[in-house]
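A.B. asks: Structure file run_13.txt (compact mmCIF, N, CA and C atoms and all ligand atoms) right here:
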# COMPACT_ATOMS: atom_id res chain seq x y z
N MET M 14 227.58 323.42 99.73
CA MET M 14 228.52 322.81 98.78
C MET M 14 228.30 321.31 98.65
N LYS M 15 227.36 320.79 99.46
CA LYS M 15 227.16 319.34 99.40
C LYS M 15 226.21 318.99 98.28
N LYS M 16 226.62 318.06 97.49
CA LYS M 16 225.76 317.64 96.40
C LYS M 16 225.68 316.12 96.35
N TYR M 17 225.26 315.56 97.46
CA TYR M 17 225.12 314.11 97.50
C TYR M 17 223.73 313.68 97.05
N SER M 18 223.71 312.72 96.21
CA SER M 18 222.43 312.13 95.85
C SER M 18 222.17 310.98 96.81
N LYS M 19 220.98 310.45 96.76
CA LYS M 19 220.66 309.30 97.62
C LYS M 19 221.56 308.12 97.28
N ARG M 20 221.89 308.02 96.03
CA ARG M 20 222.72 306.93 95.56
C ARG M 20 224.11 306.99 96.22
N THR M 21 224.64 308.18 96.25
CA THR M 21 225.96 308.37 96.85
C THR M 21 225.95 307.97 98.31
N ARG M 22 224.86 308.34 98.98
CA ARG M 22 224.78 308.05 100.41
C ARG M 22 224.80 306.55 100.67
N LEU M 23 224.18 305.81 99.80
CA LEU M 23 224.14 304.37 99.95
C LEU M 23 225.54 303.77 99.84
N GLN M 24 226.27 304.22 98.84
CA GLN M 24 227.63 303.75 98.66
C GLN M 24 228.48 304.15 99.86
N LYS M 25 228.17 305.32 100.34
CA LYS M 25 228.95 305.88 101.43
C LYS M 25 228.93 305.00 102.66
N SER M 26 227.77 304.44 102.98
CA SER M 26 227.68 303.66 104.21
C SER M 26 228.55 302.41 104.16
N THR M 27 228.65 301.81 102.99
CA THR M 27 229.53 300.65 102.84
C THR M 27 230.96 301.09 103.01
N ARG M 28 231.26 302.18 102.36
CA ARG M 28 232.57 302.73 102.37
C ARG M 28 233.04 303.12 103.78
N CYS M 29 232.16 303.69 104.55
CA CYS M 29 232.50 304.13 105.90
C CYS M 29 233.06 302.96 106.70
N LYS M 30 232.37 301.85 106.63
CA LYS M 30 232.83 300.69 107.41
C LYS M 30 234.22 300.27 106.99
N ASP M 31 234.46 300.27 105.69
CA ASP M 31 235.79 299.91 105.19
C ASP M 31 236.84 300.89 105.69
N LEU M 32 236.50 302.16 105.59
CA LEU M 32 237.47 303.18 105.96
C LEU M 32 237.74 303.20 107.45
N LEU M 33 236.71 302.94 108.23
CA LEU M 33 236.89 302.93 109.67
C LEU M 33 237.90 301.88 110.09
N ARG M 34 237.92 300.81 109.34
CA ARG M 34 238.89 299.76 109.64
C ARG M 34 240.32 300.22 109.35
N MET M 35 240.44 301.19 108.47
CA MET M 35 241.78 301.65 108.07
C MET M 35 242.32 302.74 109.00
N PHE M 36 241.45 303.28 109.83
CA PHE M 36 241.87 304.41 110.66
C PHE M 36 243.11 304.14 111.48
N ALA M 37 243.12 302.99 112.12
CA ALA M 37 244.25 302.66 112.99
C ALA M 37 245.55 302.62 112.19
N ASP M 38 245.49 301.98 111.04
CA ASP M 38 246.68 301.90 110.18
C ASP M 38 247.08 303.28 109.68
N TYR M 39 246.07 304.06 109.34
CA TYR M 39 246.34 305.40 108.86
C TYR M 39 247.08 306.21 109.91
N LEU M 40 246.59 306.14 111.13
CA LEU M 40 247.20 306.90 112.21
C LEU M 40 248.57 306.36 112.58
N ASP M 41 248.79 305.10 112.28
CA ASP M 41 250.11 304.51 112.51
C ASP M 41 251.07 304.84 111.37
N GLY M 42 250.54 305.43 110.33
CA GLY M 42 251.34 305.71 109.14
C GLY M 42 251.62 304.47 108.33
N GLU M 43 250.77 303.48 108.52
CA GLU M 43 251.01 302.21 107.83
C GLU M 43 250.11 302.01 106.61
N LEU M 44 249.27 302.99 106.40
CA LEU M 44 248.35 302.86 105.27
C LEU M 44 249.02 303.35 103.99
N PRO M 45 248.91 302.56 102.92
CA PRO M 45 249.51 302.97 101.64
C PRO M 45 248.96 304.31 101.16
N GLN M 46 249.80 305.09 100.53
CA GLN M 46 249.45 306.45 100.12
C GLN M 46 248.13 306.61 99.37
N PRO M 47 247.87 305.78 98.39
CA PRO M 47 246.60 305.97 97.66
C PRO M 47 245.39 305.84 98.59
N LEU M 48 245.49 304.93 99.55
CA LEU M 48 244.39 304.74 100.49
C LEU M 48 244.28 305.91 101.45
N CYS M 49 245.43 306.45 101.84
CA CYS M 49 245.43 307.64 102.70
C CYS M 49 244.66 308.76 102.03
N ALA M 50 244.99 309.00 100.78
CA ALA M 50 244.35 310.08 100.04
C ALA M 50 242.85 309.84 99.95
N GLU M 51 242.50 308.61 99.70
CA GLU M 51 241.09 308.27 99.58
C GLU M 51 240.37 308.48 100.91
N LEU M 52 241.03 308.04 101.96
CA LEU M 52 240.46 308.19 103.29
C LEU M 52 240.28 309.66 103.65
N GLU M 53 241.30 310.44 103.36
CA GLU M 53 241.22 311.88 103.66
C GLU M 53 240.09 312.55 102.88
N ARG M 54 240.00 312.17 101.64
CA ARG M 54 238.97 312.75 100.79
C ARG M 54 237.58 312.38 101.34
N HIS M 55 237.46 311.14 101.75
CA HIS M 55 236.18 310.69 102.28
C HIS M 55 235.80 311.44 103.56
N ILE M 56 236.78 311.58 104.44
CA ILE M 56 236.54 312.25 105.71
C ILE M 56 236.06 313.68 105.50
N GLU M 57 236.63 314.32 104.50
CA GLU M 57 236.22 315.69 104.21
C GLU M 57 234.75 315.78 103.85
N ASN M 58 234.23 314.71 103.31
CA ASN M 58 232.87 314.75 102.82
C ASN M 58 231.88 313.94 103.65
N CYS M 59 232.38 313.27 104.67
CA CYS M 59 231.50 312.42 105.45
C CYS M 59 231.55 312.82 106.93
N GLN M 60 230.42 313.29 107.40
CA GLN M 60 230.37 313.78 108.77
C GLN M 60 230.59 312.68 109.79
N THR M 61 230.05 311.53 109.50
CA THR M 61 230.18 310.41 110.44
C THR M 61 231.63 310.03 110.63
N CYS M 62 232.32 309.85 109.53
CA CYS M 62 233.72 309.46 109.61
C CYS M 62 234.57 310.58 110.18
N GLU M 63 234.20 311.80 109.85
CA GLU M 63 234.93 312.93 110.38
C GLU M 63 234.85 312.92 111.91
N CYS M 64 233.66 312.65 112.40
CA CYS M 64 233.43 312.59 113.85
C CYS M 64 234.27 311.49 114.49
N VAL M 65 234.23 310.32 113.92
CA VAL M 65 234.99 309.19 114.46
C VAL M 65 236.48 309.45 114.38
N PHE M 66 236.89 309.90 113.21
CA PHE M 66 238.30 310.11 112.98
C PHE M 66 238.87 311.19 113.88
N ASP M 67 238.10 312.26 114.00
CA ASP M 67 238.54 313.38 114.82
C ASP M 67 238.70 312.96 116.28
N ALA M 68 237.74 312.23 116.78
CA ALA M 68 237.79 311.77 118.17
C ALA M 68 238.98 310.83 118.38
N LEU M 69 239.17 309.95 117.43
CA LEU M 69 240.27 309.00 117.51
C LEU M 69 241.62 309.70 117.49
N LYS M 70 241.72 310.65 116.59
CA LYS M 70 242.96 311.40 116.43
C LYS M 70 243.30 312.18 117.70
N LYS M 71 242.27 312.82 118.25
CA LYS M 71 242.47 313.61 119.46
C LYS M 71 242.89 312.73 120.63
N THR M 72 242.25 311.60 120.72
CA THR M 72 242.58 310.68 121.81
C THR M 72 244.02 310.21 121.69
N LEU M 73 244.39 309.86 120.48
CA LEU M 73 245.76 309.38 120.26
C LEU M 73 246.77 310.50 120.48
N ALA M 74 246.39 311.71 120.12
CA ALA M 74 247.28 312.86 120.32
C ALA M 74 247.52 313.06 121.81
N LEU M 75 246.50 312.86 122.60
CA LEU M 75 246.65 312.99 124.05
C LEU M 75 247.66 311.98 124.57
N TYR M 76 247.54 310.77 124.06
CA TYR M 76 248.46 309.72 124.49
C TYR M 76 249.89 310.03 124.06
N LYS M 77 250.01 310.65 122.92
CA LYS M 77 251.34 310.95 122.39
C LYS M 77 252.08 311.96 123.24
N HIS M 78 251.32 312.74 124.01
CA HIS M 78 251.96 313.69 124.91
C HIS M 78 252.50 313.01 126.16
N MET M 79 252.24 311.73 126.24
CA MET M 79 252.77 310.96 127.37
C MET M 79 253.72 309.91 126.81
N PRO M 80 254.97 310.30 126.66
CA PRO M 80 255.94 309.46 125.94
C PRO M 80 256.13 308.06 126.54
N GLU M 81 255.89 307.94 127.82
CA GLU M 81 256.14 306.64 128.43
C GLU M 81 255.03 305.63 128.19
N VAL M 82 253.92 306.16 127.73
CA VAL M 82 252.80 305.25 127.49
C VAL M 82 252.75 304.86 126.03
N GLU M 83 252.80 303.59 125.81
CA GLU M 83 252.63 303.14 124.44
C GLU M 83 251.27 302.48 124.32
N ILE M 84 250.56 302.89 123.29
CA ILE M 84 249.22 302.32 123.13
C ILE M 84 249.32 301.01 122.38
N PRO M 85 248.90 299.99 123.05
CA PRO M 85 248.89 298.69 122.36
C PRO M 85 247.91 298.73 121.20
N ARG M 86 248.21 298.00 120.19
CA ARG M 86 247.33 297.96 119.02
C ARG M 86 245.92 297.58 119.40
N LYS M 87 245.82 296.68 120.35
CA LYS M 87 244.50 296.22 120.76
C LYS M 87 243.68 297.37 121.33
N THR M 88 244.33 298.23 122.09
CA THR M 88 243.64 299.37 122.68
C THR M 88 243.10 300.28 121.59
N LYS M 89 243.92 300.50 120.59
CA LYS M 89 243.47 301.32 119.47
C LYS M 89 242.26 300.70 118.80
N ARG M 90 242.35 299.40 118.65
CA ARG M 90 241.23 298.70 118.02
C ARG M 90 239.97 298.83 118.86
N ASP M 91 240.14 298.67 120.17
CA ASP M 91 238.99 298.79 121.07
C ASP M 91 238.39 300.18 120.98
N LEU M 92 239.26 301.16 120.96
CA LEU M 92 238.83 302.54 120.87
C LEU M 92 238.08 302.79 119.58
N GLU M 93 238.67 302.29 118.54
CA GLU M 93 238.07 302.44 117.23
C GLU M 93 236.68 301.80 117.21
N HIS M 94 236.62 300.64 117.84
CA HIS M 94 235.37 299.90 117.91
C HIS M 94 234.32 300.70 118.67
N LEU M 95 234.74 301.25 119.80
CA LEU M 95 233.86 302.03 120.64
C LEU M 95 233.31 303.24 119.88
N LEU M 96 234.22 303.94 119.23
CA LEU M 96 233.83 305.13 118.49
C LEU M 96 232.89 304.79 117.35
N ARG M 97 233.20 303.67 116.73
CA ARG M 97 232.36 303.25 115.62
C ARG M 97 230.95 302.95 116.11
N ASN M 98 230.87 302.27 117.22
CA ASN M 98 229.55 301.96 117.77
C ASN M 98 228.79 303.22 118.14
N ARG M 99 229.51 304.15 118.70
CA ARG M 99 228.87 305.39 119.13
C ARG M 99 228.40 306.23 117.97
N CYS M 100 229.30 306.42 117.02
CA CYS M 100 229.00 307.34 115.94
C CYS M 100 228.11 306.75 114.87
N LEU M 101 228.22 305.47 114.68
CA LEU M 101 227.43 304.87 113.62
C LEU M 101 226.22 304.13 114.17
N GLY M 102 226.15 304.03 115.49
CA GLY M 102 225.01 303.35 116.10
C GLY M 102 224.94 301.88 115.74
N LEU M 103 226.12 301.24 115.68
CA LEU M 103 226.14 299.83 115.30
C LEU M 103 226.21 298.91 116.52
N ARG M 104 225.81 299.43 117.63
CA ARG M 104 225.81 298.65 118.86
C ARG M 104 225.03 297.34 118.69
N LYS M 105 225.53 296.31 119.28
CA LYS M 105 224.93 295.00 119.05
C LYS M 105 223.55 294.86 119.67
N ASN M 106 223.33 295.50 120.79
CA ASN M 106 222.01 295.38 121.43
C ASN M 106 221.14 296.60 121.22
ZN ZN M 201 232.13 307.92 106.09
Here is the file; what I need is its structure written in the form of structure tokens.
C.D. replies:
Amino acid sequence: MKKYSKRTRLQKSTRCKDLLRMFADYLDGELPQPLCAELERHIENCQTCECVFDALKKTLALYKHMPEVEIPRKTKRDLEHLLRNRCLGLRKN
């Protein structure tokens, strides 16, 4: 069912970075609706983002089962950063 052209893939890589930045807000429910829809649509079609998003979501879900633990925003950011480096291979070294 995939019908991506090379052109689409190029746009996609720019888009992924933008969307990855929105993940934390999205999971916090702070992302505006149109962006949520866009993000969801993208995830459905992008394996990389799906991988990152899924891992992030699962990790946060685990934390949510521990009511006394509140995840600081910074931790989420760190996690997001880690996942991004892993999945997209954007490691600095
Ligand atoms: Zn993507």
A.B. asks: Restricting the calculation to only C-alpha atoms: of M:Val65, M:Asn98, M:Glu51, M:Thr88, which residue gets closest to M:Arg28?
C.D. replies: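 With only C-alpha atoms as the atom set, the closest residue is M:Glu51.
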A.B. asks: At most 6 Å is the cut-off: for each residue in chain M with any atom that close to an atom of ligand ZN 201 (chain M), write down the nearest atom pair and the distance in Å rounded to one decimal, counting all atoms listed in the file, chain first then increasing number, as CSV.
C.D. replies:
residue,atom,partner,partner_atom,distance
M:Lys25,C,M:ZN201,ZN,5.5
M:Arg28,C,M:ZN201,ZN,5.4
M:Cys29,CA,M:ZN201,ZN,3.8
M:His55,C,M:ZN201,ZN,5.7
M:Cys59,CA,M:ZN201,ZN,4.6
M:Gln60,N,M:ZN201,ZN,5.8
M:Thr61,C,M:ZN201,ZN,5.0
M:Cys62,N,M:ZN201,ZN,3.9
M:Glu63,N,M:ZN201,ZN,5.8
A.B. asks: Keeping only N, CA and C atoms, write the selected residues as a short mmCIF file (atom, residue, chain, number, x, y, z; two decimals), keeping the file's coordinate frame.
C.D. replies:
data_model
loop_
_atom_site.label_atom_id
_atom_site.label_comp_id
_atom_site.auth_asym_id
_atom_site.auth_seq_id
_atom_site.Cartn_x
_atom_site.Cartn_y
_atom_site.Cartn_z
N LYS M 25 228.17 305.32 100.34
CA LYS M 25 228.95 305.88 101.43
C LYS M 25 228.93 305.00 102.66
N ARG M 28 231.26 302.18 102.36
CA ARG M 28 232.57 302.73 102.37
C ARG M 28 233.04 303.12 103.78
N CYS M 29 232.16 303.69 104.55
CA CYS M 29 232.50 304.13 105.90
C CYS M 29 233.06 302.96 106.70
N HIS M 55 237.46 311.14 101.75
CA HIS M 55 236.18 310.69 102.28
C HIS M 55 235.80 311.44 103.56
N CYS M 59 232.38 313.27 104.67
CA CYS M 59 231.50 312.42 105.45
C CYS M 59 231.55 312.82 106.93
N GLN M 60 230.42 313.29 107.40
CA GLN M 60 230.37 313.78 108.77
C GLN M 60 230.59 312.68 109.79
N THR M 61 230.05 311.53 109.50
CA THR M 61 230.18 310.41 110.44
C THR M 61 231.63 310.03 110.63
N CYS M 62 232.32 309.85 109.53
CA CYS M 62 233.72 309.46 109.61
C CYS M 62 234.57 310.58 110.18
N GLU M 63 234.20 311.80 109.85
CA GLU M 63 234.93 312.93 110.38
C GLU M 63 234.85 312.92 111.91
#
A.B. asks: Would you kindly return, as a list in words, each protein, DNA or RNA residue with an atom no farther than 7 Å from any atom of stretch 37-41 of chain M, considering only N, CA and C atoms and excluding same-chain residues fewer than 5 positions away?
C.D. replies: Cys49, Lys89 and Arg90 of chain M
A.B. asks: Save the residues we just selected, N, CA and C atoms, as a PDB file, keeping the file's coordinate frame?
C.D. replies:
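again06.pdb was written with the following content:
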ATOM      1  N   CYS M  49     245.430 306.450 101.840  1.00  0.00           N
ATOM      2  CA  CYS M  49     245.430 307.640 102.700  1.00  0.00           C
ATOM      3  C   CYS M  49     244.660 308.760 102.030  1.00  0.00           C
ATOM      4  N   LYS M  89     243.920 300.500 120.590  1.00  0.00           N
ATOM      5  CA  LYS M  89     243.470 301.320 119.470  1.00  0.00           C
ATOM      6  C   LYS M  89     242.260 300.700 118.800  1.00  0.00           C
ATOM      7  N   ARG M  90     242.350 299.400 118.650  1.00  0.00           N
ATOM      8  CA  ARG M  90     241.230 298.700 118.020  1.00  0.00           C
ATOM      9  C   ARG M  90     239.970 298.830 118.860  1.00  0.00           C
TER      10      ARG M  90
END
A.B. asks: For a test of reading the model, state the distance in Å between atom C of M:Lys30 and atom C of M:Leu96, rounded to one decimal.
C.D. replies: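 Separation of atom C of M:Lys30 and atom C of M:Leu96: 11.4 Å.
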A.B. asks: Hey, can you check how far atom CA of M:Pro47 sits from atom CA of M:Tyr76?
C.D. replies: 27.2 Å
A.B. asks: Please measure the separation of atom CA of M:Arg54 and atom CA of M:Lys87, giving the value in Å to one decimal.
C.D. replies: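 The value is 26.5 Å.
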A.B. asks: Using all atoms listed in the file, list the residues that have an atom at most 7 Å from (241.0, 301.5, 103.7), coordinates as in the file, as JSON, numbers by chain.
C.D. replies: {"M": [31, 32, 33, 34, 35, 36, 48, 49, 52]}
A.B. asks: Quick one: pick out all alpha helix (DSSP H) residues within stretch 64-103 of chain M from a backbone DSSP run and write them as an MDAnalysis selection string.
C.D. replies: chainID M and resid 64:77 86:101
A.B. asks: For stretch 91-94 of chain M, what centre and edge lengths in Å (one decimal) does the axis-aligned box get once 5 Å is added on each side of all its listed atoms, as JSON?
C.D. replies:
{"center_x": 237.2, "center_y": 300.7, "center_z": 119.1, "size_x": 15.8, "size_y": 14.1, "size_z": 13.9}
